[in-house]
$ cat structure.txt   # compact mmCIF, C-alpha atoms
# COMPACT_ATOMS: atom_id res chain seq x y z
CA GLN A 1 -2.95 -16.62 8.58
CA VAL A 2 -2.70 -14.20 5.68
CA GLN A 3 -0.10 -14.12 2.95
CA LEU A 4 0.51 -10.92 0.99
CA VAL A 5 2.41 -10.48 -2.26
CA GLU A 6 3.14 -7.00 -3.61
CA SER A 7 3.97 -6.21 -7.21
CA GLY A 8 4.15 -3.25 -9.56
CA GLY A 9 7.18 -1.41 -8.27
CA GLY A 10 9.91 -0.10 -10.53
CA LEU A 11 11.75 2.93 -11.83
CA VAL A 12 9.78 5.96 -12.97
CA GLN A 13 10.60 9.57 -13.76
CA THR A 14 9.41 12.53 -11.71
CA GLY A 15 5.77 13.23 -12.49
CA GLY A 16 5.11 9.68 -13.60
CA SER A 17 2.69 7.08 -12.28
CA LEU A 18 2.79 3.53 -10.97
CA ARG A 19 0.15 1.15 -9.71
CA LEU A 20 1.10 -1.25 -6.95
CA SER A 21 -0.86 -4.43 -6.31
CA CYS A 22 -1.17 -6.49 -3.17
CA ALA A 23 -2.67 -9.95 -3.50
CA ALA A 24 -3.90 -11.53 -0.29
CA SER A 25 -4.44 -15.22 0.32
CA GLY A 26 -5.36 -17.30 3.33
CA THR A 27 -8.11 -16.34 5.77
CA ILE A 28 -8.93 -13.15 3.92
CA SER A 29 -12.54 -13.03 5.11
CA SER A 30 -11.31 -12.06 8.58
CA ILE A 31 -9.21 -9.11 7.40
CA SER A 32 -10.47 -5.83 8.89
CA THR A 33 -8.18 -3.33 7.17
CA MET A 34 -5.49 -3.28 4.52
CA ASP A 35 -2.84 -0.61 4.29
CA TRP A 36 0.08 0.59 2.27
CA TYR A 37 3.27 1.70 4.01
CA ARG A 38 6.66 2.73 2.74
CA GLN A 39 10.15 2.89 4.15
CA ALA A 40 12.93 4.96 2.69
CA PRO A 41 16.58 4.31 3.59
CA GLY A 42 17.38 5.61 7.04
CA LYS A 43 13.75 6.47 7.80
CA THR A 44 10.98 4.84 9.78
CA ARG A 45 8.16 2.99 8.07
CA GLU A 46 5.41 5.45 7.11
CA SER A 47 1.69 4.73 6.81
CA LEU A 48 0.30 5.99 3.50
CA ALA A 49 -3.23 4.75 2.94
CA THR A 50 -5.82 2.47 4.52
CA ILE A 51 -8.92 0.76 3.19
CA THR A 52 -11.42 -0.80 5.58
CA ARG A 53 -13.70 -3.78 5.15
CA ASP A 54 -16.45 -1.31 4.21
CA ASP A 55 -14.18 0.36 1.64
CA ASN A 56 -13.67 3.52 3.65
CA THR A 57 -10.31 5.04 2.80
CA TYR A 58 -7.83 7.18 4.71
CA TYR A 59 -4.64 8.87 3.54
CA ALA A 60 -1.53 10.43 4.98
CA ASP A 61 -1.20 14.12 4.21
CA SER A 62 2.01 13.44 2.29
CA VAL A 63 0.14 11.47 -0.38
CA LYS A 64 -3.40 12.83 -0.24
CA GLY A 65 -4.55 13.87 -3.70
CA ARG A 66 -1.75 11.93 -5.43
CA PHE A 67 -2.24 8.34 -4.25
CA THR A 68 -5.44 6.29 -4.33
CA ILE A 69 -6.06 3.01 -2.52
CA SER A 70 -8.70 0.71 -3.94
CA ARG A 71 -9.86 -2.87 -3.89
CA GLY A 72 -10.26 -5.22 -6.80
CA MET A 73 -13.53 -6.88 -7.77
CA ALA A 74 -12.38 -10.15 -6.20
CA LYS A 75 -11.81 -8.31 -2.90
CA ASN A 76 -8.53 -10.14 -2.30
CA THR A 77 -6.41 -7.58 -4.14
CA VAL A 78 -5.69 -4.03 -3.03
CA TYR A 79 -4.12 -1.44 -5.28
CA LEU A 80 -2.21 1.76 -4.73
CA GLN A 81 -2.39 4.11 -7.70
CA MET A 82 0.44 6.61 -7.41
CA ASN A 83 0.42 9.73 -9.57
CA SER A 84 2.63 12.81 -9.77
CA LEU A 85 5.51 10.88 -8.26
CA LYS A 86 8.41 12.77 -6.71
CA PRO A 87 11.97 11.68 -5.91
CA GLU A 88 11.04 11.74 -2.21
CA ASP A 89 8.53 8.97 -2.91
CA THR A 90 11.46 6.61 -3.47
CA ALA A 91 11.15 3.79 -0.96
CA VAL A 92 10.25 0.17 -0.44
CA TYR A 93 6.46 -0.06 -0.40
CA TYR A 94 4.77 -2.62 1.83
CA CYS A 95 1.26 -3.97 2.02
CA ARG A 96 -0.20 -4.78 5.43
CA ALA A 97 -3.35 -6.63 6.43
CA VAL A 98 -4.80 -6.63 9.93
CA MET A 99 -6.76 -9.63 11.12
CA TRP A 100 -8.09 -9.86 14.68
CA GLY A 101 -5.62 -7.14 15.67
CA THR A 102 -2.63 -8.99 14.22
CA PRO A 103 -0.68 -7.37 11.37
CA PHE A 104 0.61 -9.36 8.41
CA TRP A 105 3.14 -7.87 6.01
CA GLY A 106 4.18 -8.48 2.46
CA GLN A 107 7.79 -8.64 1.34
CA GLY A 108 7.79 -5.15 -0.15
CA THR A 109 8.35 -3.74 -3.63
CA GLN A 110 10.89 -1.09 -4.55
CA VAL A 111 9.76 2.19 -6.08
CA THR A 112 12.43 4.53 -7.40
CA VAL A 113 11.59 7.97 -8.76
CA SER A 114 14.34 9.61 -10.78
CA SER A 115 14.72 13.37 -10.99

$ encode --input "structure.txt" --output "structure tokens"
Amino acid sequence: QVQLVESGGGLVQTGGSLRLSCAASGTISSISTMDWYRQAPGKTRESLATITRDDNTYYADSVKGRFTISRGMAKNTVYLQMNSLKPEDTAVYYCRAVMWGTPFWGQGTQVTVSS
């Protein structure tokens, strides 16, 4: 089992930055990938960025060049640095970990970008 806790969301103006954190606990040594997703009201959940066990990273076109996924020194924390934020980035942001093909989700953190 893996438990995930996100933090770092909040209200920011257009063009601003936020850094989200996702702290994992449990059987973290068996995690293969960790991801960030977001879900805006009335929309489906969208994959944003992935980091693999080997620290390879992948991004959705919608955030490439603005968002950066990284891992902390302790390896149990994943970050999402978000720059040049736009009102359309407003959503609940979720962290996901995949272990043996099973996804585990955090509770989400709200990000609101004001125009």

$ residues_around --input "structure.txt" --residues "Trp100 of chain A" --least-positions-apart "4" --cutoff "12 Å" --atoms "all atoms listed in the file" --output "MDAnalysis selection string"
chainID A and resid 1:2 27:33 104

$ atom_distance --input "structure.txt" --atom1 "atom CA of Gly10 of chain A" --atom2 "atom CA of Glu88 of chain A"
14.5 Å

$ atom_distance --input "structure.txt" --atom1 "atom CA of Met34 of chain A" --atom2 "atom CA of Leu85 of chain A"
22.0 Å

$ residues_around --input "structure.txt" --residues "Gln107 of chain A" --least-positions-apart "6" --cutoff "12 Å" --atoms "all atoms listed in the file" --output "PyMOL selection string"
chain A and resi 3-7+22-23+37-38+92-96

$ residues_around --input "structure.txt" --residues "Asp61 of chain A" --least-positions-apart "3" --cutoff "9 Å" --atoms "only C-alpha atoms" --output "CSV table (one decimal) with C-alpha atoms, in the frame of the given file"
chain,number,residue,atom,x,y,z
A,48,LEU,CA,0.3,6.0,3.5
A,64,LYS,CA,-3.4,12.8,-0.2
A,65,GLY,CA,-4.6,13.9,-3.7

$ atom_distance --input "structure.txt" --atom1 "atom CA of Asp55 of chain A" --atom2 "atom CA of Leu18 of chain A"
21.4 Å

$ residues_around --input "structure.txt" --residues "segment 77-81 of chain A" --least-positions-apart "3" --cutoff "9 Å" --atoms "only C-alpha atoms" --output "PDB file with C-alpha atoms, keeping the file's coordinate frame"
ATOM      1  CA  SER A  17       2.690   7.080 -12.280  1.00  0.00           C
ATOM      2  CA  LEU A  18       2.790   3.530 -10.970  1.00  0.00           C
ATOM      3  CA  ARG A  19       0.150   1.150  -9.710  1.00  0.00           C
ATOM      4  CA  LEU A  20       1.100  -1.250  -6.950  1.00  0.00           C
ATOM      5  CA  SER A  21      -0.860  -4.430  -6.310  1.00  0.00           C
ATOM      6  CA  CYS A  22      -1.170  -6.490  -3.170  1.00  0.00           C
ATOM      7  CA  ALA A  23      -2.670  -9.950  -3.500  1.00  0.00           C
ATOM      8  CA  ALA A  24      -3.900 -11.530  -0.290  1.00  0.00           C
ATOM      9  CA  MET A  34      -5.490  -3.280   4.520  1.00  0.00           C
ATOM     10  CA  ASP A  35      -2.840  -0.610   4.290  1.00  0.00           C
ATOM     11  CA  TRP A  36       0.080   0.590   2.270  1.00  0.00           C
ATOM     12  CA  ALA A  49      -3.230   4.750   2.940  1.00  0.00           C
ATOM     13  CA  ILE A  51      -8.920   0.760   3.190  1.00  0.00           C
ATOM     14  CA  ARG A  66      -1.750  11.930  -5.430  1.00  0.00           C
ATOM     15  CA  PHE A  67      -2.240   8.340  -4.250  1.00  0.00           C
ATOM     16  CA  THR A  68      -5.440   6.290  -4.330  1.00  0.00           C
ATOM     17  CA  ILE A  69      -6.060   3.010  -2.520  1.00  0.00           C
ATOM     18  CA  SER A  70      -8.700   0.710  -3.940  1.00  0.00           C
ATOM     19  CA  ARG A  71      -9.860  -2.870  -3.890  1.00  0.00           C
ATOM     20  CA  GLY A  72     -10.260  -5.220  -6.800  1.00  0.00           C
ATOM     21  CA  MET A  73     -13.530  -6.880  -7.770  1.00  0.00           C
ATOM     22  CA  ALA A  74     -12.380 -10.150  -6.200  1.00  0.00           C
ATOM     23  CA  CYS A  95       1.260  -3.970   2.020  1.00  0.00           C
TER      24      CYS A  95
END

$ residues_around --input "structure.txt" --residues "Leu11 of chain A" --least-positions-apart "5" --cutoff "9 Å" --atoms "only C-alpha atoms" --output "ChimeraX atom specification"
/A:110-114
